[in-house]
$ cat model-v9.txt   # compact mmCIF, C-alpha atoms
# COMPACT_ATOMS: atom_id res chain seq x y z
CA GLN A 1 184.27 224.50 116.76
CA GLN A 2 186.71 226.55 118.80
CA PRO A 3 188.21 224.84 121.87
CA VAL A 4 187.65 226.50 125.23
CA GLN A 5 190.64 227.41 127.38
CA SER A 6 190.74 228.12 131.08
CA PRO A 7 191.74 230.14 132.90
CA GLN A 8 191.73 233.19 130.65
CA ALA A 9 194.59 234.75 132.56
CA VAL A 10 196.89 233.85 135.43
CA ILE A 11 199.66 235.60 137.34
CA LEU A 12 202.38 233.51 138.94
CA ARG A 13 205.43 234.23 141.02
CA GLU A 14 208.66 232.70 139.79
CA GLY A 15 208.88 229.09 140.87
CA GLU A 16 205.14 228.52 141.14
CA ASP A 17 203.21 225.98 139.08
CA ALA A 18 200.24 226.44 136.79
CA VAL A 19 197.80 224.34 134.79
CA ILE A 20 196.06 225.49 131.64
CA ASN A 21 193.10 223.51 130.38
CA CYS A 22 191.71 223.07 126.90
CA SER A 23 188.43 221.34 126.14
CA SER A 24 186.48 220.62 123.01
CA SER A 25 182.86 219.78 122.28
CA LYS A 26 184.00 217.51 119.45
CA ALA A 27 186.08 214.35 119.37
CA LEU A 28 189.73 215.22 118.96
CA TYR A 29 192.45 213.69 116.87
CA SER A 30 195.28 215.72 118.27
CA VAL A 31 196.07 218.77 120.37
CA HIS A 32 198.76 221.36 119.66
CA TRP A 33 200.18 223.82 122.18
CA TYR A 34 201.83 227.12 121.20
CA ARG A 35 203.15 230.09 123.14
CA GLN A 36 203.02 233.65 121.85
CA LYS A 37 204.91 236.55 123.36
CA HIS A 38 203.55 240.02 122.85
CA GLY A 39 204.08 241.23 119.30
CA GLU A 40 205.73 237.99 118.21
CA ALA A 41 204.85 234.86 116.28
CA PRO A 42 203.32 231.88 118.07
CA VAL A 43 205.97 229.27 118.79
CA PHE A 44 205.34 225.53 118.79
CA LEU A 45 205.60 223.73 122.13
CA MET A 46 204.24 220.23 121.51
CA ILE A 47 201.67 218.04 119.80
CA LEU A 48 199.79 215.25 121.55
CA LEU A 49 198.34 212.54 119.40
CA LYS A 50 196.95 209.73 121.44
CA GLY A 51 194.50 209.57 124.26
CA GLY A 52 196.31 209.67 127.56
CA GLU A 53 199.55 210.72 125.95
CA GLN A 54 201.84 212.96 127.94
CA LYS A 55 204.74 214.90 126.55
CA GLY A 56 207.30 217.20 128.07
CA HIS A 57 209.28 220.23 126.96
CA GLU A 58 211.77 221.46 129.59
CA LYS A 59 209.57 221.99 132.64
CA ILE A 60 206.44 222.24 130.55
CA SER A 61 204.43 219.10 129.99
CA ALA A 62 200.98 218.23 128.75
CA SER A 63 198.41 215.48 128.83
CA PHE A 64 195.63 214.54 126.44
CA ASN A 65 192.50 212.77 127.60
CA GLU A 66 190.83 211.65 124.41
CA LYS A 67 187.75 210.34 126.20
CA LYS A 68 187.07 213.64 127.93
CA GLN A 69 188.11 215.59 124.85
CA GLN A 70 190.49 217.61 127.00
CA SER A 71 194.12 218.54 127.22
CA SER A 72 196.03 220.19 130.03
CA LEU A 73 199.33 222.05 129.93
CA TYR A 74 201.45 221.91 133.10
CA LEU A 75 204.05 224.57 133.84
CA THR A 76 206.34 223.58 136.68
CA ALA A 77 208.62 225.91 138.63
CA SER A 78 207.75 228.76 136.31
CA GLN A 79 210.41 231.12 135.01
CA LEU A 80 210.07 234.72 133.83
CA SER A 81 210.56 233.49 130.27
CA TYR A 82 207.32 231.51 130.48
CA SER A 83 205.30 234.71 130.30
CA GLY A 84 203.12 234.94 127.22
CA THR A 85 199.81 233.76 125.85
CA TYR A 86 199.32 230.02 125.51
CA PHE A 87 197.09 228.66 122.79
CA CYS A 88 195.79 225.17 122.36
CA GLY A 89 194.93 224.09 118.86
CA THR A 90 192.77 221.12 118.08
CA GLU A 91 192.35 218.86 115.11
CA ILE A 92 189.20 216.84 114.66
CA PRO A 93 189.52 213.31 113.23
CA PRO A 94 191.40 213.28 109.95
CA GLY A 95 189.56 214.87 107.05
CA GLY A 96 192.36 214.34 104.60
CA TYR A 97 194.39 217.37 105.58
CA GLN A 98 195.49 219.28 108.62
CA LYS A 99 193.35 222.09 110.00
CA VAL A 100 194.14 223.46 113.43
CA THR A 101 191.48 225.44 115.29
CA PHE A 102 192.85 227.55 118.10
CA GLY A 103 191.33 228.49 121.43
CA THR A 104 191.13 232.08 122.68
CA GLY A 105 194.31 231.75 124.67
CA THR A 106 195.46 231.92 128.28
CA LYS A 107 197.56 234.91 129.25
CA LEU A 108 200.30 233.93 131.68
CA GLN A 109 202.39 236.48 133.53
CA VAL A 110 205.29 235.37 135.70
CA ILE A 111 206.54 237.98 138.14
CA PRO A 112 209.73 237.99 140.23
CA ASN B 1 218.00 228.88 107.62
CA ALA B 2 215.19 231.40 107.26
CA GLY B 3 211.87 230.77 108.91
CA VAL B 4 208.49 231.88 107.62
CA MET B 5 208.87 235.39 106.24
CA GLN B 6 206.00 237.83 106.18
CA ASN B 7 205.97 241.34 104.83
CA PRO B 8 205.26 244.03 105.40
CA ARG B 9 205.44 243.88 109.17
CA HIS B 10 203.10 246.85 109.46
CA LEU B 11 200.65 248.08 106.84
CA VAL B 12 198.49 251.18 107.06
CA ARG B 13 195.63 251.64 104.64
CA ARG B 14 192.76 254.06 104.29
CA ARG B 15 189.22 252.74 103.97
CA GLY B 16 188.54 251.57 100.43
CA GLN B 17 192.17 250.82 99.55
CA GLU B 18 193.62 247.41 98.86
CA ALA B 19 195.95 245.51 101.18
CA ARG B 20 198.39 242.85 99.99
CA LEU B 21 200.09 240.66 102.56
CA ARG B 22 202.92 238.35 101.57
CA CYS B 23 204.15 235.14 103.06
CA SER B 24 207.16 233.04 102.07
CA PRO B 25 207.01 229.63 103.76
CA MET B 26 210.00 227.87 105.23
CA LYS B 27 212.29 226.20 102.74
CA GLY B 28 210.89 222.83 101.77
CA HIS B 29 207.37 223.66 102.95
CA SER B 30 204.58 223.66 100.40
CA HIS B 31 201.59 224.11 102.72
CA VAL B 32 200.52 227.56 103.84
CA TYR B 33 197.85 228.63 106.32
CA TRP B 34 196.58 232.14 107.02
CA TYR B 35 195.19 233.14 110.41
CA ARG B 36 193.71 236.41 111.64
CA GLN B 37 194.15 237.63 115.20
CA LEU B 38 192.16 240.48 116.71
CA PRO B 39 193.50 242.21 119.85
CA GLU B 40 193.19 239.99 122.93
CA GLU B 41 191.70 237.18 120.86
CA GLY B 42 192.83 233.84 119.49
CA LEU B 43 194.01 232.88 116.04
CA LYS B 44 191.13 232.43 113.61
CA PHE B 45 191.72 230.13 110.66
CA MET B 46 191.14 231.78 107.31
CA VAL B 47 192.52 229.67 104.48
CA TYR B 48 194.78 226.72 103.69
CA LEU B 49 196.69 226.56 100.43
CA GLN B 50 199.08 224.26 98.68
CA LYS B 51 201.10 225.32 95.69
CA GLU B 52 198.62 226.67 93.10
CA ASN B 53 195.61 225.28 94.97
CA ILE B 54 193.19 226.55 97.59
CA ILE B 55 192.31 223.55 99.75
CA ASP B 56 190.10 225.11 102.43
CA GLU B 57 188.91 228.71 102.50
CA SER B 58 186.06 228.14 104.94
CA GLY B 59 187.34 230.81 107.34
CA MET B 60 187.73 233.53 104.79
CA PRO B 61 184.99 236.14 104.19
CA LYS B 62 183.32 235.53 100.83
CA GLU B 63 183.70 239.10 99.68
CA ARG B 64 186.78 241.29 99.36
CA PHE B 65 189.22 238.60 100.58
CA SER B 66 191.23 236.32 98.33
CA ALA B 67 194.36 234.23 98.65
CA GLU B 68 196.79 232.60 96.30
CA PHE B 69 199.96 230.55 96.43
CA PRO B 70 201.50 230.55 92.95
CA LYS B 71 203.99 228.04 91.66
CA GLU B 72 206.72 230.63 92.03
CA GLY B 73 206.80 233.31 94.67
CA PRO B 74 205.15 233.93 97.99
CA SER B 75 201.58 233.34 99.09
CA ILE B 76 199.48 236.49 98.92
CA LEU B 77 196.48 237.42 101.03
CA ARG B 78 194.59 240.20 99.32
CA ILE B 79 191.95 242.38 100.92
CA GLN B 80 190.09 244.71 98.60
CA GLN B 81 188.27 247.86 99.70
CA VAL B 82 189.44 247.54 103.30
CA VAL B 83 187.18 248.59 106.15
CA ARG B 84 188.07 249.44 109.77
CA GLY B 85 186.96 245.98 110.88
CA ASP B 86 189.77 244.44 108.83
CA SER B 87 192.32 245.91 111.23
CA ALA B 88 194.06 242.94 112.81
CA ALA B 89 197.26 240.94 112.87
CA TYR B 90 197.46 238.44 110.02
CA PHE B 91 199.70 235.45 110.60
CA CYS B 92 200.91 233.00 108.04
CA ALA B 93 202.08 229.50 109.00
CA SER B 94 203.66 226.77 106.96
CA SER B 95 204.13 223.03 107.31
CA LYS B 96 206.17 220.47 105.48
CA GLY B 97 203.35 218.07 104.79
CA ALA B 98 199.60 217.93 104.90
CA GLN B 99 199.31 215.06 107.34
CA ASN B 100 197.57 215.62 110.59
CA ASN B 101 199.98 216.26 113.47
CA GLU B 102 202.42 218.34 111.46
CA LYS B 103 203.66 221.24 113.52
CA LEU B 104 203.06 224.73 112.23
CA PHE B 105 205.79 227.32 111.86
CA PHE B 106 204.47 230.85 112.11
CA GLY B 107 205.74 234.08 110.62
CA SER B 108 205.98 237.28 112.66
CA GLY B 109 202.71 238.54 111.23
CA THR B 110 201.50 241.64 109.41
CA GLN B 111 199.73 244.23 111.52
CA LEU B 112 197.11 245.85 109.31
CA SER B 113 195.69 249.17 110.44
CA VAL B 114 192.80 250.70 108.52
CA LEU B 115 192.28 254.42 109.03
$ encode --input "model-v9.txt" --output "structure tokens"
Amino acid sequence: QQPVQSPQAVILREGEDAVINCSSSKALYSVHWYRQKHGEAPVFLMILLKGGEQKGHEKISASFNEKKQQSSLYLTASQLSYSGTYFCGTEIPPGGYQKVTFGTGTKLQVIP
Amino acid sequence: NAGVMQNPRHLVRRRGQEARLRCSPMKGHSHVYWYRQLPEEGLKFMVYLQKENIIDESGMPKERFSAEFPKEGPSILRIQQVVRGDSAAYFCASSKGAQNNEKLFFGSGTQLSVL
């Protein structure tokens, strides 16, 4: 079951903040976040494993609410380099091997 | 320290031809995943392979599509008798282990265009 991301697209001015949400209809084991720039490979940002866990990567952080089956990605004081499409990927409880199902993505554009 | 290598980067085929997409995982990685991405859409899981074994091909169409990851050499995604609907970007990813929570390293993708 594909996770649902919101918003689908967002435009920010440099220095502004944004939140991208990812929700699943199924219980989650972990949530991955990746960023893809146009024409390039998706690049790993972070994995969240436990309910309530928060992780950070430069000025990008994320939370994982296991109970609500949701994760949110927080971009603080955005920079031009943050532009790209952000994908959340979810893993349902362990089935013996890893299988990441990605959402449809959130297109982020940061303008000067 | 090469990352995941995919080739070709761009592939043009006429309807009915065969397409072969190659993926060499990162050094030390023995787990390969193939994803398909249509324009403005997300990454759709196709198949997960370990060396010489297909573990999960639940996302791969039953007909015309096949994948392998031989003991030696790259992983191959093969599409026979391509149709226009096969046009997409195909990404390969690799991981070191098969445990949950392993991060995926993606290649730059192969853009397949079917004329």
$ interface_residues --input "model-v9.txt" --of "chain A" --to "chain B" --cutoff "10 Å" --atoms "all atoms listed in the file" --output "PDB file with C-alpha atoms, in the coordinates of the input"
ATOM      1  CA  GLN A   2     186.710 226.550 118.800  1.00  0.00           C
ATOM      2  CA  TYR A  29     192.450 213.690 116.870  1.00  0.00           C
ATOM      3  CA  SER A  30     195.280 215.720 118.270  1.00  0.00           C
ATOM      4  CA  VAL A  31     196.070 218.770 120.370  1.00  0.00           C
ATOM      5  CA  HIS A  32     198.760 221.360 119.660  1.00  0.00           C
ATOM      6  CA  TRP A  33     200.180 223.820 122.180  1.00  0.00           C
ATOM      7  CA  TYR A  34     201.830 227.120 121.200  1.00  0.00           C
ATOM      8  CA  GLY A  39     204.080 241.230 119.300  1.00  0.00           C
ATOM      9  CA  GLU A  40     205.730 237.990 118.210  1.00  0.00           C
ATOM     10  CA  ALA A  41     204.850 234.860 116.280  1.00  0.00           C
ATOM     11  CA  PRO A  42     203.320 231.880 118.070  1.00  0.00           C
ATOM     12  CA  VAL A  43     205.970 229.270 118.790  1.00  0.00           C
ATOM     13  CA  PHE A  44     205.340 225.530 118.790  1.00  0.00           C
ATOM     14  CA  LEU A  45     205.600 223.730 122.130  1.00  0.00           C
ATOM     15  CA  MET A  46     204.240 220.230 121.510  1.00  0.00           C
ATOM     16  CA  ILE A  47     201.670 218.040 119.800  1.00  0.00           C
ATOM     17  CA  LEU A  48     199.790 215.250 121.550  1.00  0.00           C
ATOM     18  CA  LEU A  49     198.340 212.540 119.400  1.00  0.00           C
ATOM     19  CA  THR A  85     199.810 233.760 125.850  1.00  0.00           C
ATOM     20  CA  TYR A  86     199.320 230.020 125.510  1.00  0.00           C
ATOM     21  CA  PHE A  87     197.090 228.660 122.790  1.00  0.00           C
ATOM     22  CA  CYS A  88     195.790 225.170 122.360  1.00  0.00           C
ATOM     23  CA  GLY A  89     194.930 224.090 118.860  1.00  0.00           C
ATOM     24  CA  THR A  90     192.770 221.120 118.080  1.00  0.00           C
ATOM     25  CA  GLU A  91     192.350 218.860 115.110  1.00  0.00           C
ATOM     26  CA  ILE A  92     189.200 216.840 114.660  1.00  0.00           C
ATOM     27  CA  PRO A  93     189.520 213.310 113.230  1.00  0.00           C
ATOM     28  CA  PRO A  94     191.400 213.280 109.950  1.00  0.00           C
ATOM     29  CA  GLY A  95     189.560 214.870 107.050  1.00  0.00           C
ATOM     30  CA  GLY A  96     192.360 214.340 104.600  1.00  0.00           C
ATOM     31  CA  TYR A  97     194.390 217.370 105.580  1.00  0.00           C
ATOM     32  CA  GLN A  98     195.490 219.280 108.620  1.00  0.00           C
ATOM     33  CA  LYS A  99     193.350 222.090 110.000  1.00  0.00           C
ATOM     34  CA  VAL A 100     194.140 223.460 113.430  1.00  0.00           C
ATOM     35  CA  THR A 101     191.480 225.440 115.290  1.00  0.00           C
ATOM     36  CA  PHE A 102     192.850 227.550 118.100  1.00  0.00           C
ATOM     37  CA  GLY A 103     191.330 228.490 121.430  1.00  0.00           C
ATOM     38  CA  THR A 104     191.130 232.080 122.680  1.00  0.00           C
ATOM     39  CA  GLY A 105     194.310 231.750 124.670  1.00  0.00           C
ATOM     40  CA  THR A 106     195.460 231.920 128.280  1.00  0.00           C
ATOM     41  CA  LYS A 107     197.560 234.910 129.250  1.00  0.00           C
TER      42      LYS A 107
END
$ closest_residue --input "model-v9.txt" --among "A:Leu28, A:Asp17, A:Phe64, A:Pro7" --to "Val110 (chain A)" --atoms "all atoms listed in the file"
A:Asp17
$ atom_distance --input "model-v9.txt" --atom1 "CA of Gly73 (chain B)" --atom2 "CA of Glu52 (chain B)"
10.7 Å
$ atom_distance --input "model-v9.txt" --atom1 "CA of Ala62 (chain A)" --atom2 "CA of Ala9 (chain A)"
18.1 Å
$ residues_around --input "model-v9.txt" --residues "Ser24 (chain B)" --least-positions-apart "4" --cutoff "10 Å" --atoms "only C-alpha atoms" --output "number ranges by chain"
B: 2-7, 29-30, 32, 69, 73-76, 92-94, 107
$ write_last_selection --input "model-v9.txt" --atoms "C-alpha atoms" --output "CSV table (one decimal), keeping the file's coordinate frame"
chain,number,residue,atom,x,y,z
B,2,ALA,CA,215.2,231.4,107.3
B,3,GLY,CA,211.9,230.8,108.9
B,4,VAL,CA,208.5,231.9,107.6
B,5,MET,CA,208.9,235.4,106.2
B,6,GLN,CA,206.0,237.8,106.2
B,7,ASN,CA,206.0,241.3,104.8
B,29,HIS,CA,207.4,223.7,103.0
B,30,SER,CA,204.6,223.7,100.4
B,32,VAL,CA,200.5,227.6,103.8
B,69,PHE,CA,200.0,230.6,96.4
B,73,GLY,CA,206.8,233.3,94.7
B,74,PRO,CA,205.2,233.9,98.0
B,75,SER,CA,201.6,233.3,99.1
B,76,ILE,CA,199.5,236.5,98.9
B,92,CYS,CA,200.9,233.0,108.0
B,93,ALA,CA,202.1,229.5,109.0
B,94,SER,CA,203.7,226.8,107.0
B,107,GLY,CA,205.7,234.1,110.6
$ closest_residue --input "model-v9.txt" --among "A:Asn21, A:Ser61, A:Gln70, A:Thr76" --to "Gln8 (chain A)" --atoms "all atoms listed in the file"
A:Asn21
$ residues_around --input "model-v9.txt" --residues "Val114 (chain B)" --least-positions-apart "6" --cutoff "12 Å" --atoms "only C-alpha atoms" --output "PDB file with C-alpha atoms, in the coordinates of the input"
ATOM      1  CA  HIS B  10     203.100 246.850 109.460  1.00  0.00           C
ATOM      2  CA  LEU B  11     200.650 248.080 106.840  1.00  0.00           C
ATOM      3  CA  VAL B  12     198.490 251.180 107.060  1.00  0.00           C
ATOM      4  CA  ARG B  13     195.630 251.640 104.640  1.00  0.00           C
ATOM      5  CA  ARG B  14     192.760 254.060 104.290  1.00  0.00           C
ATOM      6  CA  ARG B  15     189.220 252.740 103.970  1.00  0.00           C
ATOM      7  CA  GLY B  16     188.540 251.570 100.430  1.00  0.00           C
ATOM      8  CA  GLN B  17     192.170 250.820  99.550  1.00  0.00           C
ATOM      9  CA  GLU B  18     193.620 247.410  98.860  1.00  0.00           C
ATOM     10  CA  ALA B  19     195.950 245.510 101.180  1.00  0.00           C
ATOM     11  CA  ILE B  79     191.950 242.380 100.920  1.00  0.00           C
ATOM     12  CA  GLN B  80     190.090 244.710  98.600  1.00  0.00           C
ATOM     13  CA  GLN B  81     188.270 247.860  99.700  1.00  0.00           C
ATOM     14  CA  VAL B  82     189.440 247.540 103.300  1.00  0.00           C
ATOM     15  CA  VAL B  83     187.180 248.590 106.150  1.00  0.00           C
ATOM     16  CA  ARG B  84     188.070 249.440 109.770  1.00  0.00           C
ATOM     17  CA  GLY B  85     186.960 245.980 110.880  1.00  0.00           C
ATOM     18  CA  ASP B  86     189.770 244.440 108.830  1.00  0.00           C
ATOM     19  CA  SER B  87     192.320 245.910 111.230  1.00  0.00           C
ATOM     20  CA  ALA B  88     194.060 242.940 112.810  1.00  0.00           C
ATOM     21  CA  ALA B  89     197.260 240.940 112.870  1.00  0.00           C
TER      22      ALA B  89
END
$ closest_residue --input "model-v9.txt" --among "A:Leu12, A:Ile20, A:Val4, A:Ala77" --to "Arg35 (chain A)" --atoms "only C-alpha atoms"
A:Ile20
$ residues_around --input "model-v9.txt" --residues "Ser83 (chain A)" --least-positions-apart "5" --cutoff "12 Å" --atoms "all atoms listed in the file" --output "PyMOL selection string"
chain A and resi 9-14+18+35-38+75+78+106-112
$ atom_distance --input "model-v9.txt" --atom1 "CA of Lys26 (chain A)" --atom2 "CA of Leu49 (chain B)"
24.6 Å
